[in-house]
file protein16.csv (CSV, C-alpha atoms)
chain,number,residue,atom,x,y,z
L,1,MET,CA,9.1,45.2,17.2
L,2,VAL,CA,6.1,42.7,17.5
L,3,MET,CA,7.2,40.4,20.3
L,4,THR,CA,6.1,39.2,23.8
L,5,ARG,CA,6.5,42.4,25.8
L,6,VAL,CA,8.2,42.4,29.2
L,7,LYS,CA,5.6,41.9,31.8
L,8,TYR,CA,5.5,44.7,34.4
L,9,ALA,CA,3.8,44.6,37.7
L,10,GLN,CA,1.3,47.1,36.6
L,11,ASN,CA,0.3,46.7,33.0
L,12,THR,CA,-2.1,49.3,31.7
L,13,LEU,CA,-5.5,48.3,30.3
L,14,LYS,CA,-4.1,49.0,26.9
L,15,ASP,CA,-1.3,46.5,27.5
L,16,VAL,CA,-3.8,43.9,28.6
L,17,TYR,CA,-6.0,44.2,25.5
L,18,TYR,CA,-3.0,44.5,23.3
L,19,ASP,CA,-1.8,41.1,24.5
L,20,ILE,CA,-5.3,39.5,24.2
L,21,ILE,CA,-5.7,40.7,20.6
L,22,LEU,CA,-2.1,39.8,19.7
L,23,GLN,CA,-2.6,36.2,21.0
L,24,ARG,CA,-5.8,35.9,19.0
L,25,ILE,CA,-3.9,36.9,15.9
L,26,VAL,CA,-1.0,34.5,16.7
L,27,ARG,CA,-3.4,31.6,17.3
L,28,ASP,CA,-5.3,32.4,14.1
L,29,GLU,CA,-8.5,33.1,16.0
L,30,TYR,CA,-8.4,36.3,14.0
L,31,LYS,CA,-7.5,35.2,10.5
L,32,SER,CA,-5.9,37.2,7.8
L,33,GLY,CA,-8.4,39.6,6.3
L,34,ASP,CA,-10.8,39.4,9.3
L,35,ILE,CA,-12.3,42.7,10.5
L,36,ILE,CA,-12.1,43.6,14.2
L,37,THR,CA,-14.2,46.5,15.5
L,38,GLU,CA,-13.9,48.6,18.6
L,39,LYS,CA,-17.5,48.0,19.4
L,40,SER,CA,-17.2,44.2,19.4
L,41,LEU,CA,-14.3,44.3,21.8
L,42,VAL,CA,-15.9,47.0,24.0
L,43,ASP,CA,-19.0,44.9,24.2
L,44,GLU,CA,-17.1,41.7,24.9
L,45,PHE,CA,-14.9,43.1,27.7
L,46,ASN,CA,-17.4,45.7,29.0
L,47,VAL,CA,-14.8,48.5,29.1
L,48,SER,CA,-14.5,52.0,27.7
L,49,LYS,CA,-13.3,52.6,24.1
L,50,SER,CA,-10.1,54.3,25.1
L,51,PRO,CA,-7.9,51.2,26.1
L,52,ILE,CA,-9.3,49.2,23.2
L,53,ARG,CA,-8.6,51.9,20.7
L,54,GLU,CA,-5.1,52.4,22.1
L,55,ALA,CA,-4.4,48.7,21.8
L,56,LEU,CA,-5.7,48.5,18.2
L,57,ILE,CA,-3.6,51.6,17.2
L,58,ALA,CA,-0.5,50.0,18.7
L,59,LEU,CA,-1.1,46.8,16.7
L,60,CYS,CA,-1.6,49.0,13.6
L,61,SER,CA,1.8,50.6,14.3
L,62,GLU,CA,3.3,47.1,14.2
L,63,ASN,CA,1.6,46.4,10.8
L,64,LEU,CA,-0.5,43.6,12.3
L,65,LEU,CA,-3.7,45.5,11.7
L,66,LYS,CA,-4.8,48.1,9.2
L,67,SER,CA,-7.3,50.8,10.1
L,68,ILE,CA,-10.2,51.1,7.7
L,69,PRO,CA,-12.0,54.4,8.6
L,70,ARG,CA,-15.7,53.9,9.7
L,71,PHE,CA,-15.4,50.2,9.2
L,72,GLY,CA,-12.9,48.6,11.6
L,73,TYR,CA,-9.4,47.1,11.7
L,74,GLU,CA,-8.3,44.5,9.2
L,75,VAL,CA,-5.9,41.7,10.2
L,76,VAL,CA,-3.1,42.2,7.7
L,77,PRO,CA,-2.4,39.1,5.6
L,78,ILE,CA,1.1,37.9,4.7
L,79,SER,CA,1.1,35.5,1.8
L,80,ASP,CA,3.5,32.6,1.4
L,81,THR,CA,4.9,34.4,-1.6
L,82,THR,CA,5.6,37.5,0.4
L,83,ILE,CA,7.3,35.5,3.2
L,84,ASN,CA,9.5,33.7,0.6
L,85,GLU,CA,10.4,37.1,-0.9
L,86,MET,CA,11.3,38.5,2.5
L,87,LEU,CA,13.5,35.4,3.2
L,88,ASP,CA,15.2,35.8,-0.1
L,89,TYR,CA,15.8,39.4,0.7
L,90,ARG,CA,17.3,38.5,4.1
L,91,VAL,CA,19.7,36.0,2.4
L,92,VAL,CA,21.0,38.6,0.0
L,93,LEU,CA,21.2,41.3,2.7
L,94,GLU,CA,22.7,39.3,5.6
L,95,CYS,CA,24.9,36.9,3.7
L,96,GLY,CA,26.0,39.7,1.4
L,97,TYR,CA,27.2,41.9,4.3
L,98,LEU,CA,28.8,39.0,6.1
L,99,ASP,CA,30.8,38.4,2.9
L,100,LYS,CA,31.6,42.0,2.4
L,101,ASN,CA,32.7,42.8,6.0
L,102,TRP,CA,34.3,39.4,6.8
L,103,ASP,CA,37.8,40.8,7.3
L,104,ALA,CA,36.6,43.7,9.5
L,105,ILE,CA,34.8,41.5,12.1
L,106,THR,CA,36.9,41.7,15.3
L,107,ASP,CA,37.5,39.2,18.1
L,108,GLU,CA,35.7,41.6,20.4
L,109,GLN,CA,32.6,41.6,18.2
L,110,LEU,CA,32.6,37.8,18.1
L,111,GLY,CA,32.9,37.8,21.9
L,112,GLN,CA,29.8,39.9,22.1
L,113,LEU,CA,27.9,37.5,19.8
L,114,GLN,CA,29.0,34.6,21.9
L,115,LYS,CA,27.9,36.3,25.1
L,116,LEU,CA,24.5,37.1,23.6
L,117,LEU,CA,24.0,33.5,22.5
L,118,TYR,CA,25.1,32.1,25.8
L,119,LYS,CA,22.8,34.4,27.7
L,120,ASP,CA,19.8,33.4,25.6
L,121,TYR,CA,20.5,29.7,25.1
L,122,SER,CA,22.9,28.5,27.7
L,123,LYS,CA,20.5,25.6,28.2
L,124,PRO,CA,17.5,24.4,26.2
L,125,GLU,CA,14.2,25.4,27.6
L,126,GLN,CA,10.6,26.0,26.4
L,127,ARG,CA,9.7,29.6,25.8
L,128,GLU,CA,7.0,31.5,24.0
L,129,ALA,CA,7.5,31.3,20.3
L,130,LEU,CA,7.4,35.1,20.1
L,131,GLU,CA,10.1,35.4,22.8
L,132,HIS,CA,12.2,32.9,20.8
L,133,TRP,CA,11.8,34.9,17.7
L,134,LYS,CA,12.8,38.1,19.5
L,135,LYS,CA,16.1,36.4,20.6
L,136,ASN,CA,16.6,35.1,17.1
L,137,CYS,CA,16.2,38.6,15.8
L,138,GLY,CA,18.6,40.0,18.3
L,139,PHE,CA,21.3,37.6,17.1
L,140,HIS,CA,20.9,38.5,13.4
L,141,LEU,CA,20.7,42.2,14.1
L,142,MET,CA,23.9,42.1,16.2
L,143,LEU,CA,25.7,40.2,13.4
L,144,LEU,CA,24.5,42.8,10.8
L,145,SER,CA,25.4,45.7,13.1
L,146,PHE,CA,29.1,44.7,12.7
L,147,SER,CA,28.8,46.2,9.1
L,148,LYS,CA,28.1,49.6,10.7
L,149,ASN,CA,25.4,50.4,8.1
L,150,ALA,CA,22.5,51.9,9.9
L,151,PHE,CA,20.2,51.8,6.9
L,152,ALA,CA,20.7,48.1,6.3
L,153,TYR,CA,20.2,47.5,10.0
L,154,GLU,CA,16.8,49.3,9.9
L,155,GLN,CA,15.7,47.5,6.8
L,156,LEU,CA,16.5,44.1,8.4
L,157,SER,CA,14.5,45.3,11.5
L,158,VAL,CA,11.5,46.0,9.4
L,159,VAL,CA,11.6,42.6,7.6
L,160,LEU,CA,12.1,40.8,10.9
L,161,ARG,CA,9.1,42.6,12.4
L,162,ALA,CA,6.9,41.5,9.5
L,163,LEU,CA,8.1,37.9,9.7
L,164,GLY,CA,7.6,37.6,13.5
L,165,ILE,CA,3.9,36.9,13.5
L,166,ALA,CA,4.1,34.7,10.4
L,167,TYR,CA,6.7,32.6,12.2
L,168,VAL,CA,4.6,32.1,15.3
L,169,ARG,CA,1.4,31.5,13.3
L,170,SER,CA,3.2,28.8,11.3
L,171,TYR,CA,4.3,27.1,14.5
L,172,TRP,CA,0.8,27.2,15.8
L,173,LYS,CA,-0.7,25.7,12.6
L,174,MET,CA,1.9,22.9,12.5
L,175,LEU,CA,1.9,21.9,16.1
L,176,HIS,CA,-0.9,23.8,17.7
L,177,LEU,CA,1.5,25.1,20.2
L,178,THR,CA,2.7,28.6,21.2
L,179,LYS,CA,5.9,27.5,22.9
L,180,VAL,CA,9.1,26.3,21.3
L,181,LYS,CA,12.1,24.5,22.5
L,182,SER,CA,15.3,25.5,20.7
L,183,THR,CA,19.0,25.0,21.2
L,184,ALA,CA,19.9,27.6,18.5
L,185,ASN,CA,22.1,25.1,16.7
L,186,TYR,CA,22.6,27.1,13.6
L,187,HIS,CA,23.7,30.1,15.6
L,188,LYS,CA,26.2,28.0,17.5
L,189,GLN,CA,27.5,26.5,14.2
L,190,LEU,CA,27.8,30.0,12.7
L,191,ILE,CA,29.8,31.3,15.7
L,192,ASP,CA,32.1,28.2,15.4
L,193,CYS,CA,32.7,29.0,11.7
L,194,LEU,CA,33.3,32.6,12.5
L,195,LEU,CA,35.8,31.8,15.2
L,196,LYS,CA,37.6,29.4,12.9
L,197,ARG,CA,37.6,32.0,10.2
L,198,GLN,CA,35.8,29.6,7.8
L,199,LYS,CA,34.2,32.2,5.6
L,200,GLU,CA,32.3,30.0,3.1
L,201,ALA,CA,31.0,27.7,5.7
L,202,ALA,CA,29.8,30.6,7.8
L,203,ILE,CA,27.9,32.2,4.9
L,204,GLU,CA,26.3,28.9,4.1
L,205,CYS,CA,25.3,28.3,7.7
L,206,LEU,CA,23.7,31.8,7.9
L,207,ARG,CA,21.9,31.1,4.6
L,208,THR,CA,20.5,27.8,5.9
L,209,ASP,CA,19.4,29.4,9.2
L,210,ILE,CA,17.4,32.0,7.3
L,211,VAL,CA,15.7,29.8,4.7
L,212,GLU,CA,14.6,27.1,7.2
L,213,PHE,CA,12.1,29.6,8.5
L,214,PHE,CA,9.3,27.1,8.9
L,215,THR,CA,11.4,24.6,10.8
L,216,PRO,CA,10.0,24.3,14.4
L,217,GLY,CA,12.5,25.5,16.9
L,218,ASN,CA,14.8,27.0,14.3
call {"tool": "encode", "arguments": {"input": "protein16.csv", "output": "structure tokens"}}
result
Amino acid sequence: MVMTRVKYAQNTLKDVYYDIILQRIVRDEYKSGDIITEKSLVDEFNVSKSPIREALIALCSENLLKSIPRFGYEVVPISDTTINEMLDYRVVLECGYLDKNWDAITDEQLGQLQKLLYKDYSKPEQREALEHWKKNCGFHLMLLSFSKNAFAYEQLSVVLRALGIAYVRSYWKMLHLTKVKSTANYHKQLIDCLLKRQKEAAIECLRTDIVEFFTPGN
């Protein structure tokens, strides 16, 4: 999944250049449709091709770049139309499964969801927008996992990966920041509705959480 990776004491050179290129994509220094070449990066950083190529290939595997043989790597564009279509898909998928599996959700599962939310948002703090998106995704994926449908879970994972960079880019364009402060209010409201067994309110809260994609700190 395209997120801020855990920082280890000894990152490889590939990891270093992966992060550099990723941040340039996030901050719109590399715009949608731009072409990045191995040679330009090798010349800029004065390193061998190997770590640069590995970083570019890794970003291709995340669908952030597209390899164009003998030409370079294109920054994959995601249009507003595509984003809206993916959000609509999420509403149908996630709200539909919450409705379908409502009676099967156990107290133990709700406890797991509460524990995850408390661990991630016990107190408001600024964090990298990609890190916030990762935690947001973890919550939604856990909720969907209660349906025990592996195919639906994987499809949601794919959509969330595609939306990740679009989310951070929108935050950067609106506020020129890469950090976000969130209290995860929608997630807290959703858990409250789940605990009180308020089905319609829970589904509406989940829908609102999804569609307010461009709201800073959502």
call {"tool": "atom_distance", "arguments": {"input": "protein16.csv", "atom1": "CA of Lys196 in chain L", "atom2": "CA of Ala152 in chain L"}}
result
26.1 Å
call {"tool": "closest_residue", "arguments": {"input": "protein16.csv", "among": "L:Ala184, L:Met142, L:Cys193, L:Leu59", "to": "Ile25 in chain L", "atoms": "only C-alpha atoms"}}
result
L:Leu59
call {"tool": "residues_around", "arguments": {"input": "protein16.csv", "residues": "Ile35 in chain L", "least_positions_apart": "3", "cutoff": "7 Å", "atoms": "only C-alpha atoms", "output": "list in words"}}
result
Gly72, Tyr73, Glu74 and Val75 of chain L
call {"tool": "residues_around", "arguments": {"input": "protein16.csv", "residues": "Val159 in chain L", "least_positions_apart": "6", "cutoff": "12 Å", "atoms": "all atoms listed in the file", "output": "compact mmCIF listing (two decimals) with C-alpha atoms, in the coordinates of the input"}}
result
# COMPACT_ATOMS: atom_id res chain seq x y z
CA MET L 1 9.10 45.20 17.20
CA VAL L 2 6.10 42.70 17.50
CA GLU L 62 3.30 47.10 14.20
CA ASN L 63 1.60 46.40 10.80
CA ILE L 78 1.10 37.90 4.70
CA THR L 82 5.60 37.50 0.40
CA ILE L 83 7.30 35.50 3.20
CA ASN L 84 9.50 33.70 0.60
CA GLU L 85 10.40 37.10 -0.90
CA MET L 86 11.30 38.50 2.50
CA LEU L 87 13.50 35.40 3.20
CA ASP L 88 15.20 35.80 -0.10
CA TYR L 89 15.80 39.40 0.70
CA ARG L 90 17.30 38.50 4.10
CA VAL L 91 19.70 36.00 2.40
CA LEU L 93 21.20 41.30 2.70
CA GLU L 94 22.70 39.30 5.60
CA CYS L 137 16.20 38.60 15.80
CA HIS L 140 20.90 38.50 13.40
CA LEU L 141 20.70 42.20 14.10
CA ALA L 152 20.70 48.10 6.30
CA TYR L 153 20.20 47.50 10.00
CA ILE L 165 3.90 36.90 13.50
CA ALA L 166 4.10 34.70 10.40
call {"tool": "closest_residue", "arguments": {"input": "protein16.csv", "among": "L:Ile57, L:Leu143, L:Val211, L:Val168", "to": "Thr106 in chain L", "atoms": "all atoms listed in the file"}}
result
L:Leu143
call {"tool": "atom_distance", "arguments": {"input": "protein16.csv", "atom1": "CA of Leu163 in chain L", "atom2": "CA of His132 in chain L"}}
result
12.8 Å
call {"tool": "residues_around", "arguments": {"input": "protein16.csv", "residues": "Lys14 in chain L", "least_positions_apart": "2", "cutoff": "10 Å", "atoms": "all atoms listed in the file", "output": "number ranges by chain"}}
result
L: 11-12, 16-20, 50-56, 58
call {"tool": "closest_residue", "arguments": {"input": "protein16.csv", "among": "L:Trp102, L:Phe151, L:Tyr118, L:Tyr97", "to": "Leu194 in chain L", "atoms": "all atoms listed in the file"}}
result
L:Trp102
call {"tool": "atom_distance", "arguments": {"input": "protein16.csv", "atom1": "CA of Ala202 in chain L", "atom2": "CA of Lys179 in chain L"}}
result
28.4 Å
call {"tool": "residues_around", "arguments": {"input": "protein16.csv", "residues": "range 28-33 of chain L", "least_positions_apart": "4", "cutoff": "9 Å", "atoms": "all atoms listed in the file", "output": "short mmCIF file (atom, residue, chain, number, x, y, z; two decimals) with C-alpha atoms, in the coordinates of the input"}}
result
data_model
loop_
_atom_site.label_atom_id
_atom_site.label_comp_id
_atom_site.auth_asym_id
_atom_site.auth_seq_id
_atom_site.Cartn_x
_atom_site.Cartn_y
_atom_site.Cartn_z
CA ILE L 21 -5.70 40.70 20.60
CA GLN L 23 -2.60 36.20 21.00
CA ARG L 24 -5.80 35.90 19.00
CA GLU L 74 -8.30 44.50 9.20
CA VAL L 75 -5.90 41.70 10.20
CA VAL L 76 -3.10 42.20 7.70
CA PRO L 77 -2.40 39.10 5.60
CA ILE L 78 1.10 37.90 4.70
CA ARG L 169 1.40 31.50 13.30
CA TRP L 172 0.80 27.20 15.80
CA LYS L 173 -0.70 25.70 12.60
#
call {"tool": "closest_residue", "arguments": {"input": "protein16.csv", "among": "L:Leu144, L:Leu117, L:Ala150, L:Cys205", "to": "Thr183 in chain L", "atoms": "only C-alpha atoms"}}
result
L:Leu117
call {"tool": "closest_residue", "arguments": {"input": "protein16.csv", "among": "L:Asp99, L:Asp43, L:Asp34, L:Asp80", "to": "Glu200 in chain L", "atoms": "only C-alpha atoms"}}
result
L:Asp99
call {"tool": "closest_residue", "arguments": {"input": "protein16.csv", "among": "L:Val26, L:Ile210, L:Cys60, L:Ala104", "to": "Lys148 in chain L", "atoms": "all atoms listed in the file"}}
result
L:Ala104
call {"tool": "build_atoms", "arguments": {"input": "protein16.csv", "residues": "range 101-126 of chain L", "atoms": "N, CA, C and O atoms", "output": "CSV table (one decimal), in the frame of the given file"}}
result
chain,number,residue,atom,x,y,z
L,101,ASN,N,32.0,42.2,4.8
L,101,ASN,CA,32.7,42.8,6.0
L,101,ASN,C,33.5,41.7,6.7
L,101,ASN,O,33.9,41.9,7.9
L,102,TRP,N,33.7,40.5,6.1
L,102,TRP,CA,34.3,39.4,6.8
L,102,TRP,C,35.6,39.8,7.5
L,102,TRP,O,35.8,39.5,8.6
L,103,ASP,N,36.5,40.5,6.7
L,103,ASP,CA,37.8,40.8,7.3
L,103,ASP,C,37.8,41.9,8.4
L,103,ASP,O,38.8,42.0,9.1
L,104,ALA,N,36.7,42.6,8.5
L,104,ALA,CA,36.6,43.7,9.5
L,104,ALA,C,36.0,43.2,10.8
L,104,ALA,O,36.0,44.0,11.8
L,105,ILE,N,35.4,42.0,10.8
L,105,ILE,CA,34.8,41.5,12.1
L,105,ILE,C,35.9,41.2,13.1
L,105,ILE,O,36.9,40.5,12.8
L,106,THR,N,35.8,41.8,14.3
L,106,THR,CA,36.9,41.7,15.3
L,106,THR,C,36.6,40.6,16.3
L,106,THR,O,35.4,40.1,16.4
L,107,ASP,N,37.6,40.2,17.0
L,107,ASP,CA,37.5,39.2,18.1
L,107,ASP,C,36.5,39.7,19.2
L,107,ASP,O,35.8,38.9,19.7
L,108,GLU,N,36.6,41.0,19.4
L,108,GLU,CA,35.7,41.6,20.4
L,108,GLU,C,34.2,41.5,20.0
L,108,GLU,O,33.4,41.1,20.8
L,109,GLN,N,33.9,41.7,18.7
L,109,GLN,CA,32.6,41.6,18.2
L,109,GLN,C,32.1,40.1,18.3
L,109,GLN,O,31.0,39.8,18.7
L,110,LEU,N,33.0,39.2,18.0
L,110,LEU,CA,32.6,37.8,18.1
L,110,LEU,C,32.3,37.4,19.5
L,110,LEU,O,31.4,36.6,19.8
L,111,GLY,N,33.1,38.0,20.4
L,111,GLY,CA,32.9,37.8,21.9
L,111,GLY,C,31.5,38.3,22.3
L,111,GLY,O,30.8,37.6,23.1
L,112,GLN,N,31.1,39.4,21.8
L,112,GLN,CA,29.8,39.9,22.1
L,112,GLN,C,28.7,39.0,21.6
L,112,GLN,O,27.7,38.8,22.2
L,113,LEU,N,28.9,38.5,20.4
L,113,LEU,CA,27.9,37.5,19.8
L,113,LEU,C,27.8,36.3,20.6
L,113,LEU,O,26.7,35.7,20.8
L,114,GLN,N,28.9,35.8,21.0
L,114,GLN,CA,29.0,34.6,21.9
L,114,GLN,C,28.2,34.8,23.2
L,114,GLN,O,27.5,34.0,23.7
L,115,LYS,N,28.5,36.0,23.8
L,115,LYS,CA,27.9,36.3,25.1
L,115,LYS,C,26.4,36.4,24.9
L,115,LYS,O,25.6,35.9,25.8
L,116,LEU,N,25.9,37.0,23.8
L,116,LEU,CA,24.5,37.1,23.6
L,116,LEU,C,23.8,35.7,23.5
L,116,LEU,O,22.8,35.4,24.1
L,117,LEU,N,24.5,34.9,22.7
L,117,LEU,CA,24.0,33.5,22.5
L,117,LEU,C,24.0,32.7,23.8
L,117,LEU,O,23.0,32.0,24.1
L,118,TYR,N,25.0,32.8,24.6
L,118,TYR,CA,25.1,32.1,25.8
L,118,TYR,C,24.0,32.6,26.8
L,118,TYR,O,23.4,31.8,27.5
L,119,LYS,N,23.8,33.9,26.8
L,119,LYS,CA,22.8,34.4,27.7
L,119,LYS,C,21.4,33.9,27.3
L,119,LYS,O,20.6,33.6,28.2
L,120,ASP,N,21.1,33.8,26.1
L,120,ASP,CA,19.8,33.4,25.6
L,120,ASP,C,19.6,31.9,25.6
L,120,ASP,O,18.5,31.4,25.7
L,121,TYR,N,20.7,31.2,25.3
L,121,TYR,CA,20.5,29.7,25.1
L,121,TYR,C,21.6,28.9,25.8
L,121,TYR,O,22.1,28.0,25.2
L,122,SER,N,21.9,29.3,27.0
L,122,SER,CA,22.9,28.5,27.7
L,122,SER,C,22.4,27.1,28.0
L,122,SER,O,23.2,26.1,28.2
L,123,LYS,N,21.1,26.9,28.1
L,123,LYS,CA,20.5,25.6,28.2
L,123,LYS,C,19.1,25.6,27.5
L,123,LYS,O,18.4,26.6,27.4
L,124,PRO,N,18.8,24.4,26.9
L,124,PRO,CA,17.5,24.4,26.2
L,124,PRO,C,16.3,24.5,27.1
L,124,PRO,O,16.3,23.9,28.2
L,125,GLU,N,15.4,25.2,26.8
L,125,GLU,CA,14.2,25.4,27.6
L,125,GLU,C,13.0,25.8,26.7
L,125,GLU,O,13.2,26.4,25.6
L,126,GLN,N,11.8,25.5,27.1
L,126,GLN,CA,10.6,26.0,26.4
L,126,GLN,C,10.4,27.4,26.7
L,126,GLN,O,10.5,27.9,27.8
